[in-house]
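K.L.:
Take a look at my_file38.cif, mmCIF, C-alpha atoms and all ligand atoms:
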data_upload
#
loop_
_atom_site.label_atom_id
_atom_site.label_comp_id
_atom_site.auth_asym_id
_atom_site.auth_seq_id
_atom_site.Cartn_x
_atom_site.Cartn_y
_atom_site.Cartn_z
CA MET O 286 -21.23 99.12 -37.22
CA ALA O 287 -19.41 97.15 -34.53
CA PRO O 288 -15.73 97.99 -34.08
CA ALA O 289 -13.28 95.70 -35.84
CA LEU O 290 -10.91 94.10 -33.38
CA ILE O 291 -8.21 91.53 -33.74
CA LEU O 292 -9.55 88.66 -31.68
CA PRO O 293 -7.06 87.19 -29.21
CA SER O 294 -6.16 83.54 -29.68
CA PRO O 295 -8.33 81.12 -27.72
CA PRO O 296 -6.60 80.06 -24.48
CA GLU O 297 -4.55 76.86 -24.36
CA LEU O 298 -4.29 76.63 -28.12
CA SER O 299 -0.77 75.46 -27.37
CA HIS O 300 -1.99 71.95 -26.56
CA PHE O 301 -4.33 71.65 -29.49
CA ARG O 302 -3.50 71.16 -33.12
CA PRO O 303 -6.23 72.19 -35.51
CA GLU O 304 -5.90 70.99 -39.08
CA PRO O 305 -3.34 73.07 -41.00
CA VAL O 306 -4.93 75.96 -42.89
CA GLN O 307 -2.02 78.35 -43.37
CA THR O 308 -1.46 77.67 -47.04
CA LEU O 309 -2.73 81.06 -48.17
CA HIS O 310 -0.82 84.32 -47.79
CA SER O 311 -2.09 87.87 -47.63
CA LYS O 312 -0.24 91.16 -47.28
CA GLN O 313 -3.30 92.72 -45.61
CA PRO O 314 -3.91 92.03 -41.90
CA ILE O 315 -7.20 90.19 -41.55
CA LEU O 316 -9.51 91.60 -38.88
CA LEU O 317 -12.19 89.52 -37.20
CA THR O 318 -15.22 91.47 -36.05
CA VAL O 319 -16.24 91.06 -32.44
CA ARG O 320 -19.31 92.40 -30.63
CA PRO O 321 -18.09 93.24 -27.10
CA ASN O 322 -20.25 91.83 -24.31
CA LEU O 323 -19.09 92.55 -20.79
CA ASN O 324 -20.87 89.59 -19.18
CA LYS O 325 -20.04 86.80 -21.58
CA ALA O 326 -17.33 85.65 -23.94
CA PRO O 327 -17.21 88.01 -26.94
CA ALA O 328 -19.66 87.12 -29.71
CA LEU O 329 -18.07 86.64 -33.12
CA GLU O 330 -19.78 88.39 -35.99
CA LEU O 331 -19.52 85.83 -38.71
CA PRO O 332 -19.36 87.18 -42.26
CA GLY O 333 -22.50 86.38 -44.29
CA LEU O 334 -21.74 84.30 -47.37
CA TYR O 335 -23.73 86.78 -49.49
CA THR O 336 -20.79 89.19 -48.92
CA LYS O 337 -18.53 86.65 -50.67
CA PRO O 338 -15.84 86.71 -47.97
CA SER O 339 -12.36 85.88 -49.14
CA ALA O 340 -10.92 82.42 -48.61
CA ILE O 341 -8.37 83.79 -46.14
CA LEU O 342 -11.06 85.44 -44.05
CA LEU O 343 -13.22 82.30 -44.02
CA LEU O 344 -10.29 80.13 -42.97
CA LYS O 345 -9.32 82.56 -40.20
CA TYR O 346 -12.83 82.47 -38.77
CA LEU O 347 -12.91 78.68 -39.09
CA VAL O 348 -9.66 78.33 -37.15
CA HIS O 349 -11.02 80.66 -34.51
CA LEU O 350 -14.18 78.60 -34.10
CA THR O 351 -12.11 75.54 -33.13
CA LEU O 352 -13.52 74.03 -29.94
CA LEU O 353 -10.73 72.91 -27.66
CA PRO O 354 -11.08 69.62 -25.83
CA PRO O 355 -11.72 70.34 -22.13
CA SER O 356 -8.62 70.41 -19.92
CA TRP O 357 -10.25 68.06 -17.34
CA ASP O 358 -8.61 70.04 -14.55
CA GLY O 359 -11.90 71.78 -13.83
CA PRO O 360 -15.51 71.96 -14.97
CA PRO O 361 -15.99 72.59 -18.71
CA ALA O 362 -15.65 76.29 -19.54
CA ASP O 363 -18.22 78.22 -21.56
CA THR O 364 -17.25 78.26 -25.17
CA LEU O 365 -17.52 81.09 -27.64
CA VAL O 366 -21.07 81.09 -28.96
CA ALA O 367 -22.60 83.82 -31.09
CA PRO O 368 -26.40 83.70 -31.11
CA PRO O 369 -27.84 81.93 -33.06
CA GLY O 370 -24.52 80.11 -32.86
CA PRO O 371 -21.94 79.23 -35.45
CA THR O 372 -23.66 75.97 -36.37
CA LYS O 373 -25.95 77.63 -38.92
CA TRP O 374 -23.00 79.51 -40.43
CA LEU O 375 -20.92 76.33 -40.68
CA THR O 376 -23.81 74.46 -42.31
CA SER O 377 -24.25 77.27 -44.83
CA ILE O 378 -20.56 77.00 -45.78
CA ILE O 379 -20.84 73.25 -46.30
CA ALA O 380 -23.96 73.79 -48.44
CA SER O 381 -22.42 76.63 -50.46
CA PRO O 382 -20.67 76.02 -53.81
CA LEU O 383 -18.24 78.84 -52.78
CA HIS O 384 -18.30 79.89 -56.44
CA TRP O 385 -16.40 83.16 -55.79
CA ILE O 386 -13.35 81.17 -54.63
CA ALA O 387 -11.56 80.10 -57.77
CA ASP O 388 -9.15 77.51 -56.44
CA GLU O 389 -10.74 74.05 -55.95
CA GLU O 390 -8.17 72.97 -53.38
CA THR O 391 -8.95 76.03 -51.26
CA GLN O 392 -12.69 75.37 -51.55
CA GLU O 393 -12.04 71.82 -50.33
CA GLN O 394 -9.99 73.14 -47.42
CA ILE O 395 -12.81 75.47 -46.35
CA TRP O 396 -15.46 72.72 -46.56
CA ASN O 397 -13.26 70.32 -44.60
CA SER O 398 -12.56 72.90 -41.94
CA ALA O 399 -16.28 73.79 -41.63
CA SER O 400 -17.16 70.08 -41.33
CA ALA O 401 -14.58 69.62 -38.56
CA ARG O 402 -15.93 72.65 -36.64
CA LEU O 403 -19.46 71.27 -37.00
CA ALA O 404 -18.40 67.81 -35.80
CA GLU O 405 -16.80 69.39 -32.70
CA ARG O 406 -20.23 70.77 -31.82
CA CYS O 407 -22.02 67.40 -32.17
CA GLY O 408 -20.87 65.82 -28.90
CA ARG O 409 -17.99 63.50 -28.18
CA THR O 410 -19.09 60.53 -30.26
CA ALA O 411 -18.87 62.68 -33.40
CA MET O 412 -15.72 64.54 -32.33
CA PRO O 413 -12.98 64.53 -34.95
CA SER O 414 -9.69 62.96 -33.94
CA THR O 415 -7.77 65.06 -31.48
CA THR O 416 -4.44 65.12 -29.68
CA ARG O 417 -4.28 66.32 -26.08
CA THR O 418 -1.55 66.92 -23.56
CA PHE O 419 -2.12 65.48 -20.08
CA ARG O 420 0.04 66.94 -17.31
CA ILE O 421 0.86 64.53 -14.49
CA PRO O 422 2.60 66.12 -11.48
CA LEU O 423 5.66 64.16 -10.29
CA SER O 424 7.64 64.97 -7.14
CA SER O 425 9.79 67.70 -8.68
CA GLU O 426 8.59 68.03 -12.28
CA THR O 427 5.55 67.52 -14.49
CA LEU O 428 5.18 64.65 -16.90
CA GLU O 429 3.58 65.90 -20.13
CA LEU O 430 2.03 63.04 -22.06
CA THR O 431 0.75 63.46 -25.60
CA ILE O 432 -2.31 61.33 -26.16
CA HIS O 433 -4.00 60.88 -29.53
CA GLU O 434 -7.69 59.99 -29.65
CA PRO O 435 -9.06 58.96 -33.06
CA THR O 436 -12.71 59.49 -33.96
CA LEU O 437 -14.85 56.99 -32.05
CA THR O 438 -15.69 54.05 -34.32
CA ALA O 439 -18.15 51.25 -33.48
CA ASP O 440 -18.12 50.82 -29.70
CA ASN O 441 -14.33 50.99 -29.38
CA LEU O 442 -14.36 52.91 -26.11
CA GLY O 443 -10.60 52.48 -25.81
CA LEU O 444 -10.09 55.08 -28.56
CA LYS O 445 -11.00 57.79 -26.04
CA THR O 446 -9.44 58.69 -22.70
CA TRP O 447 -11.74 58.46 -19.66
CA ALA O 448 -11.92 60.51 -16.46
CA SER O 449 -10.76 57.76 -14.12
CA SER O 450 -7.56 57.21 -16.11
CA TYR O 451 -6.48 60.82 -15.62
CA LEU O 452 -7.35 60.66 -11.91
CA LEU O 453 -5.52 57.37 -11.47
CA SER O 454 -2.46 58.69 -13.33
CA LYS O 455 -2.26 61.65 -10.95
CA ARG O 456 -2.86 59.40 -7.90
CA LEU O 457 -0.28 56.70 -8.72
CA LEU O 458 2.62 58.37 -6.91
CA GLN O 459 0.61 58.79 -3.69
CA LEU O 460 -0.62 55.19 -3.56
CA PRO O 461 0.59 52.80 -0.85
CA LEU O 462 2.58 50.66 -3.28
CA PRO O 463 5.54 48.62 -2.02
CA HIS O 464 9.05 49.49 -3.14
CA PHE O 465 9.69 47.90 -6.55
CA ALA O 466 12.35 45.19 -6.29
CA PRO O 467 14.79 44.66 -9.21
CA GLY O 468 13.02 42.72 -11.96
CA ALA O 469 9.57 44.03 -10.97
CA ARG O 470 7.03 44.52 -13.78
CA ILE O 471 3.72 46.37 -14.21
CA LEU O 472 0.74 45.25 -16.32
CA GLU O 473 -2.12 47.51 -17.41
CA LEU O 474 -5.45 45.92 -18.37
CA GLY O 475 -7.72 47.71 -20.90
CA SER O 476 -5.17 50.49 -21.51
CA GLY O 477 -7.27 52.31 -24.13
CA THR O 478 -5.22 55.35 -25.17
CA GLY O 479 -2.52 54.35 -22.66
CA LEU O 480 -2.57 57.28 -20.24
CA VAL O 481 -2.25 55.25 -17.01
CA GLY O 482 0.46 52.85 -18.21
CA LEU O 483 2.45 55.69 -19.78
CA SER O 484 2.20 57.68 -16.55
CA ALA O 485 3.57 54.69 -14.62
CA ALA O 486 6.44 54.38 -17.10
CA GLY O 487 7.10 58.12 -16.77
CA MET O 488 7.39 58.00 -12.98
CA TRP O 489 9.07 54.66 -12.21
CA ASP O 490 11.97 52.79 -13.72
CA VAL O 491 9.91 49.61 -13.97
CA PRO O 492 8.95 47.97 -17.30
CA VAL O 493 5.26 48.37 -18.15
CA LEU O 494 3.13 46.19 -20.44
CA LEU O 495 0.10 48.01 -21.88
CA THR O 496 -2.68 45.70 -23.10
CA ASP O 497 -6.08 45.87 -24.76
CA LEU O 498 -8.15 44.36 -27.59
CA PRO O 499 -6.67 44.07 -31.14
CA GLU O 500 -8.68 47.00 -32.54
CA ILE O 501 -7.21 49.36 -29.93
CA MET O 502 -3.58 48.40 -30.68
CA PRO O 503 -2.72 50.81 -33.54
CA ASN O 504 -3.61 53.94 -31.56
CA LEU O 505 -2.09 52.55 -28.36
CA ARG O 506 1.19 51.90 -30.19
CA ARG O 507 1.07 55.37 -31.69
CA ASN O 508 0.72 56.93 -28.21
CA VAL O 509 3.55 54.83 -26.79
CA ASP O 510 5.82 55.88 -29.67
CA ALA O 511 4.85 59.55 -29.28
CA ASN O 512 5.93 59.57 -25.63
CA ARG O 513 8.81 57.10 -25.58
CA ALA O 514 11.49 59.79 -25.37
CA ILE O 515 10.22 61.10 -22.01
CA LEU O 516 9.59 57.73 -20.32
CA LYS O 517 11.86 56.33 -17.61
CA SER O 518 11.26 52.68 -18.36
CA ARG O 519 10.68 50.19 -21.13
CA VAL O 520 7.08 50.05 -22.41
CA ASP O 521 5.60 47.22 -24.47
CA VAL O 522 2.17 46.82 -26.00
CA ALA O 523 0.29 43.53 -26.42
CA VAL O 524 -3.16 42.14 -27.09
CA LEU O 525 -4.70 40.72 -23.92
CA ASP O 526 -8.37 39.77 -24.23
CA TRP O 527 -9.85 39.12 -20.79
CA ARG O 528 -12.06 36.41 -22.33
CA ASP O 529 -9.06 34.29 -23.34
CA ASP O 530 -8.13 31.53 -20.96
CA ALA O 531 -4.78 32.65 -19.56
CA GLY O 532 -4.61 30.09 -16.75
CA GLY O 533 -1.57 28.00 -15.88
CA ARG O 534 0.84 30.94 -15.83
CA ARG O 535 4.18 30.41 -14.14
CA GLU O 536 5.07 32.78 -11.29
CA CYS O 537 7.96 34.29 -13.30
CA GLU O 538 5.49 35.37 -16.03
CA LYS O 539 3.39 37.34 -13.55
CA PHE O 540 3.38 41.01 -12.55
CA ASP O 541 4.03 42.88 -9.29
CA VAL O 542 1.44 45.58 -9.97
CA ILE O 543 -1.68 45.48 -12.15
CA LEU O 544 -3.37 48.74 -13.15
CA ALA O 545 -6.86 49.20 -14.62
CA ALA O 546 -8.91 52.36 -15.20
CA ASP O 547 -12.61 52.12 -16.06
CA PRO O 548 -12.66 48.38 -16.84
CA ILE O 549 -16.15 47.57 -15.42
CA TYR O 550 -19.09 48.60 -17.63
CA SER O 551 -20.87 45.40 -18.63
CA PRO O 552 -22.21 42.39 -16.66
CA GLU O 553 -19.39 40.04 -17.69
CA HIS O 554 -16.57 42.47 -16.77
CA PRO O 555 -16.47 41.89 -12.97
CA ALA O 556 -15.64 38.18 -13.29
CA LEU O 557 -13.33 38.71 -16.29
CA VAL O 558 -11.26 41.47 -14.68
CA ALA O 559 -11.02 39.67 -11.31
CA GLY O 560 -10.00 36.55 -13.28
CA MET O 561 -7.20 38.51 -15.01
CA VAL O 562 -5.89 39.79 -11.67
CA ASP O 563 -5.97 36.25 -10.28
CA VAL O 564 -4.03 34.86 -13.26
CA TRP O 565 -1.53 37.68 -13.81
CA MET O 566 -0.72 39.10 -10.36
CA LYS O 567 2.22 37.56 -8.46
CA LYS O 568 1.16 35.56 -5.41
CA GLY O 569 3.18 37.57 -2.91
CA PRO O 570 2.52 39.93 0.02
CA GLN O 571 3.83 42.93 -1.96
CA ALA O 572 1.73 42.41 -5.10
CA ARG O 573 -1.01 44.97 -5.76
CA ALA O 574 -3.90 45.58 -8.15
CA VAL O 575 -4.95 49.21 -8.53
CA VAL O 576 -8.36 49.85 -10.07
CA GLU O 577 -10.27 53.10 -10.59
CA ILE O 578 -13.92 52.95 -11.62
CA PRO O 579 -16.34 55.81 -12.36
CA LEU O 580 -19.49 55.74 -10.19
CA ARG O 581 -21.85 55.77 -13.18
CA ASP O 582 -25.59 55.54 -12.58
CA GLY O 583 -26.95 52.17 -13.61
CA PHE O 584 -23.67 50.27 -13.03
CA GLY O 585 -23.97 49.76 -9.25
CA ARG O 586 -24.59 46.03 -9.69
CA GLU O 587 -21.43 45.61 -11.78
CA ARG O 588 -19.36 47.50 -9.19
CA GLU O 589 -20.69 45.33 -6.37
CA GLY O 590 -20.14 42.27 -8.56
CA PHE O 591 -16.52 43.31 -9.05
CA LYS O 592 -15.92 43.56 -5.29
CA GLU O 593 -17.50 40.12 -4.80
CA CYS O 594 -15.45 38.52 -7.61
CA MET O 595 -12.19 40.01 -6.28
CA SER O 596 -13.02 38.81 -2.79
CA ALA O 597 -13.86 35.31 -4.10
CA LYS O 598 -10.34 35.19 -5.61
CA GLY O 599 -8.81 35.93 -2.19
CA LEU O 600 -8.16 39.65 -2.76
CA VAL O 601 -8.79 42.32 -0.14
CA VAL O 602 -8.95 46.12 -0.33
CA MET O 603 -5.84 47.68 1.22
CA GLU O 604 -6.90 51.29 0.67
CA GLN O 605 -9.69 53.05 -1.21
CA GLY O 606 -11.36 56.41 -1.76
CA VAL O 607 -13.65 58.47 -3.94
CA GLU O 608 -12.58 61.49 -5.97
CA THR O 609 -14.05 63.80 -8.60
CA GLY O 610 -12.81 64.13 -12.13
CA PHE O 611 -13.91 65.45 -15.49
CA ASP O 612 -14.29 64.12 -18.99
CA ASP O 613 -16.07 65.03 -22.21
CA TRP O 614 -19.31 63.17 -21.53
CA GLY O 615 -22.56 64.37 -19.97
CA ASN O 616 -22.03 67.52 -17.91
CA GLY O 617 -18.35 66.72 -17.62
CA GLU O 618 -18.10 65.94 -13.88
CA VAL O 619 -17.69 62.35 -12.72
CA GLN O 620 -17.15 60.70 -9.32
CA CYS O 621 -14.67 57.82 -9.34
CA TRP O 622 -13.84 55.09 -6.81
CA TRP O 623 -10.17 54.05 -6.56
CA SER O 624 -9.03 50.91 -4.77
CA VAL O 625 -5.74 49.14 -4.04
CA TRP O 626 -6.01 45.36 -3.67
CA GLY O 627 -3.62 42.76 -2.25
CA TRP O 628 -3.78 39.06 -1.47
CA ASP O 629 -5.45 38.00 1.74
CA GLU O 630 -2.65 36.56 3.94
CA ARG O 631 -4.54 33.27 4.11
CA CYS O 632 -4.05 32.82 0.35
CA LEU O 633 -0.28 33.16 0.68
CA VAL O 634 0.48 30.27 3.01
C1 LIG N 1 -13.89 52.56 -20.84
S1 LIG N 1 -12.46 52.06 -21.67
C2 LIG N 1 -11.18 52.63 -20.60
C3 LIG N 1 -9.89 52.84 -21.33
C4 LIG N 1 -8.77 53.45 -20.48
N1 LIG N 1 -8.38 52.56 -19.43
C5 LIG N 1 -9.23 54.78 -19.89
O1 LIG N 1 -9.67 54.79 -18.74
O2 LIG N 1 -9.14 55.79 -20.60
C6 LIG N 1 -12.41 50.30 -21.34
C7 LIG N 1 -11.25 49.59 -21.98
O3 LIG N 1 -11.35 48.19 -21.70
C8 LIG N 1 -11.08 47.48 -22.89
N2 LIG N 1 -11.75 46.18 -22.87
C9 LIG N 1 -13.07 45.92 -22.83
N3 LIG N 1 -13.31 44.60 -22.88
C10 LIG N 1 -12.09 44.00 -22.96
C11 LIG N 1 -11.65 42.64 -23.04
N4 LIG N 1 -12.52 41.63 -23.12
N5 LIG N 1 -10.34 42.38 -23.09
C12 LIG N 1 -9.44 43.41 -23.05
N6 LIG N 1 -9.78 44.71 -22.98
C13 LIG N 1 -11.09 45.00 -22.94
C14 LIG N 1 -11.64 48.38 -23.98
O4 LIG N 1 -11.11 48.08 -25.25
C15 LIG N 1 -11.24 49.74 -23.49
O5 LIG N 1 -9.97 50.11 -23.89
#
Please re-express this file's structure in structure tokens.
Ligand SMILES: C[S@@+](CC[C@H](N)C(=O)[O-])C[C@H]1O[C@@H](n2cnc3c(N)ncnc32)[C@H](O)[C@@H]1O

P.N.:
Amino acid sequence: MAPALILPSPPELSHFRPEPVQTLHSKQPILLTVRPNLNKAPALELPGLYTKPSAILLLKYLVHLTLLPPSWDGPPADTLVAPPGPTKWLTSIIASPLHWIADEETQEQIWNSASARLAERCGRTAMPSTTRTFRIPLSSETLELTIHEPTLTADNLGLKTWASSYLLSKRLLQLPLPHFAPGARILELGSGTGLVGLSAAGMWDVPVLLTDLPEIMPNLRRNVDANRAILKSRVDVAVLDWRDDAGGRRECEKFDVILAADPIYSPEHPALVAGMVDVWMKKGPQARAVVEIPLRDGFGREREGFKECMSAKGLVVMEQGVETGFDDWGNGEVQCWWSVWGWDERCLV
């Protein structure tokens, strides 16, 4: 018989909120059984349902099987896996009538928790909604932004946060951006969950307008509200569809800096995004557009198209580079190209 140990909490549980399960109380300490393995993460011995484990024990194991979203500050870590893996155990819970647990509400809680643990193991598209903390280093402190990501529905990619937005958020302070004059404003295109725009509002005292499609608005607003107390500047949220004709804007309606992370992933995006920069960026020597794009296989033509469209509008690259980041897709690692654009002097005379 393997020794019974109290399993330590998974690391970084502080920035993850599993669904609440602490509605049951027991006077007995509940012990989780662990098979020690010196080379790998300890393997959990999951209690067979034929042993009719108590509701409290099942819920404790289910909480422990929570898969944390990756931190994105390094390659994805190995997660706790007990051969043949918890998936079979979770499926057996969902299939079981749990007839030895009398309380229907508790049964429901166990099934829900097992379904959530199963969904976490089905890849990012099936991931249940999650709330993460992103830490953005500032000059003397760290900005901690709370970002909610609902379950992905349809092809609403803006409901998830993408690698280039975290990289761009951390890069913003080091970028060669001119000093913001009084009255300056920042616009973010395709904000998604809002990480980049919120980072800008957390580091500069310059109003920021976060924009995206209508279906992204509720979660974007939620994230703005969740972080408002720690932001330095005013943040607003608005629908801005790149396909809408926004021409004829007066100079006073325009922005000093435009930010966009991961906005180029379909053939029409290069012209649309360059068109937005042309319409919404002030026509001045200090104005800048900052764009970070993942170097995804199969999107080389779109990236080249973006450079051509920006150039055709009279924009030139002031500074650029490539960096590596992480997100929840594929093997986690992703190369991203960042670029800072300004008007060609010839367009300003
Ligand atoms: C890949 S996501 C990136 C989201 C966020 N910037 C990030 O990096 O986490 C692309 C974003 O562009 C937005 N988008 C796509 N087409 C758009 C359009 N026509 N008008 C406005 N936003 C659009 C999507 O809704 C989505 O939020």

K.L.:
In terms of the shortest atom-to-atom distance over only C-alpha atoms, which of O:Pro579, O:Asn441, O:Ile432, O:Val625 is closest to Arg506 in chain O?

P.N.:
O:Ile432

K.L.:
CA of Gly606 in chain O and CA of Ser624 in chain O are how many Å apart?

P.N.:
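Between these atoms lies a distance of 6.7 Å.
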
K.L.:
Check the smallest atom-to-atom distance from each of O:Leu494, O:Val602, O:Leu442, O:Met595 to ligand LIG 1 (chain N) using all atoms listed in the file, then report the winner.

P.N.:
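Among O:Leu494, O:Val602, O:Leu442, O:Met595, it is O:Leu442 that comes nearest to ligand LIG 1 (chain N).
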
K.L.:
Between CA of Val481 in chain O and CA of Ser450 in chain O, what is the distance in Å, rounded to a tenth?

P.N.:
5.7 Å

K.L.:
Residues at most 6 Å from range 347-353 of chain O, counting only C-alpha atoms, excluding those fewer than 2 positions away in the same chain, as an NGL selection string?

P.N.:
:O and (344-345 or 402)

K.L.:
As a quick test: using all atoms listed in the file, which residues lie no more than 10 Å away from ligand LIG 1 (chain N)? Give them as a PyMOL selection string.

P.N.:
chain O and resi 440-454+473-482+495-502+505+524-529+544-551+553-554+557-558+561+576-579+612

K.L.:
O:His464, O:Ile386, O:Pro552, O:Ala486: which is nearest Glu589 in chain O, counting only C-alpha atoms?

P.N.:
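Smallest distance to Glu589 in chain O is found for O:Pro552.
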
K.L.:
Can you measure CA of Ala485 in chain O to CA of Val562 in chain O for me? One decimal in Å is fine.

P.N.:
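That distance, rounded to one decimal, is 17.9 Å.
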
K.L.:
Check the smallest atom-to-atom distance from each of O:Arg535, O:Thr376, O:His384, O:Val619 to Asn397 in chain O using only C-alpha atoms, then report the winner.

P.N.:
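Between O:Arg535, O:Thr376, O:His384, O:Val619, the residue approaching Asn397 in chain O most closely is O:Thr376.
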
K.L.:
Hey, which of O:Pro371, O:Gly569, O:Pro555, O:Gly560 ends up closest to Gly532 in chain O? Count all atoms listed in the file.

P.N.:
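Residue with the minimum atom-to-atom distance to Gly532 in chain O: O:Gly560.
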
K.L.:
Could you pull out every residue with an atom within 12 Å of (-18.3, 87.0, -51.2), file coordinates, counting all atoms listed in the file, and send them as a PyMOL selection string?

P.N.:
chain O and resi 332-343+378+381-387

K.L.:
Determine the nearest neighbour of Ala401 in chain O from the options O:Gln620, O:Thr418, O:Asn504, O:Thr436, counting all atoms listed in the file.

P.N.:
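Looking only at the distances to Ala401 in chain O, the closest residue turns out to be O:Thr436.
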
K.L.:
If we count all atoms listed in the file and set the cut-off at 8 Å, which residues sit around Ala556 in chain O, ignoring sequence neighbours fewer than 4 positions away in its own chain? Please answer as a list of chain:residue names.

P.N.:
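In the requested format, the answer is O:Gly560, O:Gly590, O:Phe591, O:Cys594.
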
K.L.:
I want to know what sits within 10 Å of range 422-424 of chain O, based on all atoms listed in the file, with residues of the same chain fewer than 5 positions away left out; could you give that as a compact mmCIF listing (two decimals) with C-alpha atoms, in the coordinates of the input?

P.N.:
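Result file selection_35.txt:
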# COMPACT_ATOMS: atom_id res chain seq x y z
CA GLU O 429 3.58 65.90 -20.13
CA SER O 454 -2.46 58.69 -13.33
CA LYS O 455 -2.26 61.65 -10.95
CA ARG O 456 -2.86 59.40 -7.90
CA LEU O 457 -0.28 56.70 -8.72
CA LEU O 458 2.62 58.37 -6.91
CA GLN O 459 0.61 58.79 -3.69
CA SER O 484 2.20 57.68 -16.55
CA GLY O 487 7.10 58.12 -16.77
CA MET O 488 7.39 58.00 -12.98
